[in-house]
Amino acid sequence: MMTKTYKRTLIILSFLISHFSLCRVAAQIGAPYIHDPSTIAECEGKYYTFGTGGGGLISADGWSWNSGADRPGGGAAPDVLKIGDRYLCIYGATGGGLGGGHAGRILTMWNKTLDPKSPDFKWSEAVEVCYSDGMEDQDAIDPGLLLDPTTGRLWVSYGTYFGTIRLIELDPKTGFRVKGNKEKDIAIDCEASDLMYRDGWYYLLGTHGTCCDGVNSTYNIVVGRSKSVEGPYLDNVGRDMFHGGGKMVIAAEERACGAGHFGRYIIDEGVEVMSFHWEADFELSGRSTLAIRPLVWKNGWPVAGDNFKGGNLAILSERRGYALELAVDFVRMQQERQGWFNRNQMQEPAKPIANQTLDEVKGNWPEGNIPARIGDYMYRPHQRWTITPVNEAGGYLSNPYFKITIEGTDRALAATADCEVTTVPAFTGADEQLWRIEQLTDGTYRIMPKAIPGQEGVNTTICLYSAGDSTPTLAKYDFLSDNSKWNFRIY
């Protein structure tokens with residue numbers, strides 16, 4: 001049980017929220033079984049990832065995943081990238097010790113769509129872009145793609161522990177190797193590498209540790225960065241990844257281990273997730289499963305955030321630090337005043353004062369809808385919220401939707417048709433009472449209703465917003481404004 005001191009500790013929920021959840025939020029639901037997943041790709045409103053051995057997973061909402069993606073060629077550790085109006089797939093054929101050796105080939109192929117039911121679905125003939133002969137210290141497997149947003153050039157990193165991580169360049173129009181391009185060694189002591197670019201830096205992600213040993217796999221994801229795509233890639237203390245350096249991005253968790261095969265997916269400005277696999281999810285028979293986490297950037301370095309799990313929490317605006325609350329009368333607590341000037345009184349033993357309870361105040365609350373407001377946090381019942389996953393309501397990349405109710409009641413936070421925020425007497429499961437909660441790249445959170453009454457479709461633009469220090473509303477999400485951001489406090 002948490003101590004009272006710990007419960008009062010203010011934590012901006014960057015990394016610790018899993019320790020105070022009321023209930024466990026499962027991993028991606030459905031049948032998210034995959035090994036060596038490719039970076040998530042969106043196609044015609046659905047999400048796709050491909051894995052070792054061919055095939056892959058499809059999701060309509062980013063939360064529930066099932067088999068059905070189609071990739072020919074077998075092989076291992078593919079990656080997928082949309083370039084223009086086509087999708088480029090790259091994968092390794094043999095290598096990695098598969099088939100008994102390290103002779104391998106990396107191939108590319110194109111498709112107009114990832115939907116296997118589309119009439120346009122047809123993979124082009126696979127083309128070899130590099131190979132390893134099994135004799136040199138090199139292993140042509142585990143490729144990762146980067147389309148450089150500053151130059152338009154297309155890069156591939158590949159390799160395993162058996163040798164080096166190498167970099168080659170492809171033609172983004174054809175997927176072929178650029179003529180005359182010579183491979184360059186950029187790292188050792190890792191595999192399943194990937195590349196990304198952000199704010200003037202190139203980042204090399206590598207999977208370190210042991211693979212393919214179930215609950216005993218020590219896989220973890222590390223990173224280095226460089227001002228040049230060709231390196232050198234240094235970690236946070238200046239170690240070169242070519243000499244075994246690498247800063248930790250994610251390791252094991254309490255009920256899962258073996259994090260490997262990083263992929264970055266940008267949802268919105270300031271909203272990013274990382275995909276990878278757990279070598280063993282302890283809740284799912286120790287199987288290799290797809291995992292998705294918020295991607296947080298701390299001092300210029302990527303760090304795995306934690307999927308929001310809910311709990312008994314205060315909701316605090318980043319704008320001012322005030323708390324979201326019911327717009328009800330403030331009920332004063334009774335106290336025998338302890339004046340500093342009464343010296344005789346100060347000689348008496350101190351005694352604790354009980355916190356205000358829900359039963360003491362709820363009789364003063366209106367029975368119908370009660371608007372929300374923002375006010376000084378006082379640990380009062382009208383400021384304490386219970387946030388609970390609603391698994392049957394679907395979800396989004398990384399999480400299910402949540403209901404947000406006043407602790408000890410069924411009174412639920414809800415969006416209104418005029419883009420205001422209120423509370424209704426009882427949670428009914430209506431879409432306007434379901435909330436999407438995502439950790440942002442700066443560690444704060446955005447909170448969005450699943451739907452706005454009277455507007456069609458799932459809401460992806462309107463969030464809980466501090467229009468003023470004391471005025472919550474619903475408005476267009478803006479990462480550059482603290483009005484769009486919220487934090488949570490344990491109590």
# chains A, B, ... in the order shown; residues from 1 in each chain; ligands from 1
>>> closest_atom_pairs(of="stretch 147-170 of chain A", to="stretch 192-202 of chain A", cutoff="8 Å", atoms="only C-alpha atoms", output="CSV")
residue,atom,partner,partner_atom,distance
A:Asp148,CA,A:Tyr197,CA,7.1
A:Pro149,CA,A:Tyr197,CA,7.6
A:Val156,CA,A:Leu195,CA,7.9
A:Ser157,CA,A:Ser193,CA,6.3
A:Tyr158,CA,A:Ser193,CA,6.2
A:Gly159,CA,A:Ala192,CA,7.1
A:Thr160,CA,A:Ala192,CA,6.8
A:Ile165,CA,A:Ser193,CA,7.5
>>> select_by_dssp(residues="stretch 223-428 of chain A", states="strand (DSSP E or B)", output="ChimeraX atom specification")
/A:223-226,234,240,247-250,253,256-268,271-281,287-298,301-304,311-317,323-326,370-375,385-389,395-396,399-400,402-406,412-415,421-424
>>> atom_distance(atom1="atom CA of A:Pro119", atom2="atom CA of A:Ala69")
14.9 Å
>>> closest_residue(among="A:Pro352, A:Gly62, A:Gly75, A:Pro366", to="A:Tyr265", atoms="only C-alpha atoms")
A:Gly62
>>> closest_residue(among="A:Val303, A:Ala41, A:Ala126, A:Ala77", to="A:Gly443", atoms="only C-alpha atoms")
A:Val303
>>> decode(residues="stretch 155-203 of chain A", atoms="C-alpha atoms", output="PDB file, in the first residue's frame")
ATOM      1  CA  TRP A 155      18.882   5.088 -46.368  1.00  0.00           C
ATOM      2  CA  VAL A 156      18.960   1.534 -45.014  1.00  0.00           C
ATOM      3  CA  SER A 157      20.719   0.280 -41.899  1.00  0.00           C
ATOM      4  CA  TYR A 158      21.112  -3.466 -41.441  1.00  0.00           C
ATOM      5  CA  GLY A 159      23.155  -6.152 -39.685  1.00  0.00           C
ATOM      6  CA  THR A 160      23.391  -8.198 -36.491  1.00  0.00           C
ATOM      7  CA  TYR A 161      25.786  -9.055 -33.687  1.00  0.00           C
ATOM      8  CA  PHE A 162      27.645 -11.181 -36.211  1.00  0.00           C
ATOM      9  CA  GLY A 163      29.691  -8.264 -37.498  1.00  0.00           C
ATOM     10  CA  THR A 164      28.646  -4.655 -37.960  1.00  0.00           C
ATOM     11  CA  ILE A 165      25.608  -2.507 -38.546  1.00  0.00           C
ATOM     12  CA  ARG A 166      25.949  -1.132 -42.065  1.00  0.00           C
ATOM     13  CA  LEU A 167      24.484   1.788 -43.958  1.00  0.00           C
ATOM     14  CA  ILE A 168      23.595   1.812 -47.652  1.00  0.00           C
ATOM     15  CA  GLU A 169      21.632   4.185 -49.887  1.00  0.00           C
ATOM     16  CA  LEU A 170      18.682   3.295 -52.134  1.00  0.00           C
ATOM     17  CA  ASP A 171      16.956   5.203 -54.906  1.00  0.00           C
ATOM     18  CA  PRO A 172      13.598   6.342 -53.439  1.00  0.00           C
ATOM     19  CA  LYS A 173      11.978   6.156 -56.876  1.00  0.00           C
ATOM     20  CA  THR A 174      12.945   2.563 -57.641  1.00  0.00           C
ATOM     21  CA  GLY A 175      13.977   0.945 -54.368  1.00  0.00           C
ATOM     22  CA  PHE A 176      17.188  -0.185 -56.068  1.00  0.00           C
ATOM     23  CA  ARG A 177      20.663   0.390 -54.627  1.00  0.00           C
ATOM     24  CA  VAL A 178      22.120   3.709 -55.712  1.00  0.00           C
ATOM     25  CA  LYS A 179      24.717   3.002 -58.385  1.00  0.00           C
ATOM     26  CA  GLY A 180      28.230   3.140 -56.972  1.00  0.00           C
ATOM     27  CA  ASN A 181      27.057   3.343 -53.372  1.00  0.00           C
ATOM     28  CA  LYS A 182      29.518   1.736 -50.966  1.00  0.00           C
ATOM     29  CA  GLU A 183      28.294   0.369 -47.657  1.00  0.00           C
ATOM     30  CA  LYS A 184      29.600   1.970 -44.453  1.00  0.00           C
ATOM     31  CA  ASP A 185      29.982   0.355 -41.025  1.00  0.00           C
ATOM     32  CA  ILE A 186      28.360   2.528 -38.331  1.00  0.00           C
ATOM     33  CA  ALA A 187      27.823   0.360 -35.221  1.00  0.00           C
ATOM     34  CA  ILE A 188      28.559  -2.938 -33.505  1.00  0.00           C
ATOM     35  CA  ASP A 189      27.111  -4.975 -30.637  1.00  0.00           C
ATOM     36  CA  CYS A 190      23.465  -4.648 -31.693  1.00  0.00           C
ATOM     37  CA  GLU A 191      20.977  -5.705 -34.365  1.00  0.00           C
ATOM     38  CA  ALA A 192      17.476  -4.883 -35.622  1.00  0.00           C
ATOM     39  CA  SER A 193      18.558  -1.279 -36.237  1.00  0.00           C
ATOM     40  CA  ASP A 194      16.459   1.626 -37.399  1.00  0.00           C
ATOM     41  CA  LEU A 195      17.094   5.261 -38.300  1.00  0.00           C
ATOM     42  CA  MET A 196      15.143   8.447 -37.658  1.00  0.00           C
ATOM     43  CA  TYR A 197      15.654  12.184 -37.967  1.00  0.00           C
ATOM     44  CA  ARG A 198      14.578  14.963 -35.590  1.00  0.00           C
ATOM     45  CA  ASP A 199      15.604  18.578 -35.057  1.00  0.00           C
ATOM     46  CA  GLY A 200      18.911  18.395 -36.895  1.00  0.00           C
ATOM     47  CA  TRP A 201      19.966  15.024 -35.497  1.00  0.00           C
ATOM     48  CA  TYR A 202      20.017  11.559 -37.016  1.00  0.00           C
ATOM     49  CA  TYR A 203      19.292   8.768 -34.535  1.00  0.00           C
TER      50      TYR A 203
END
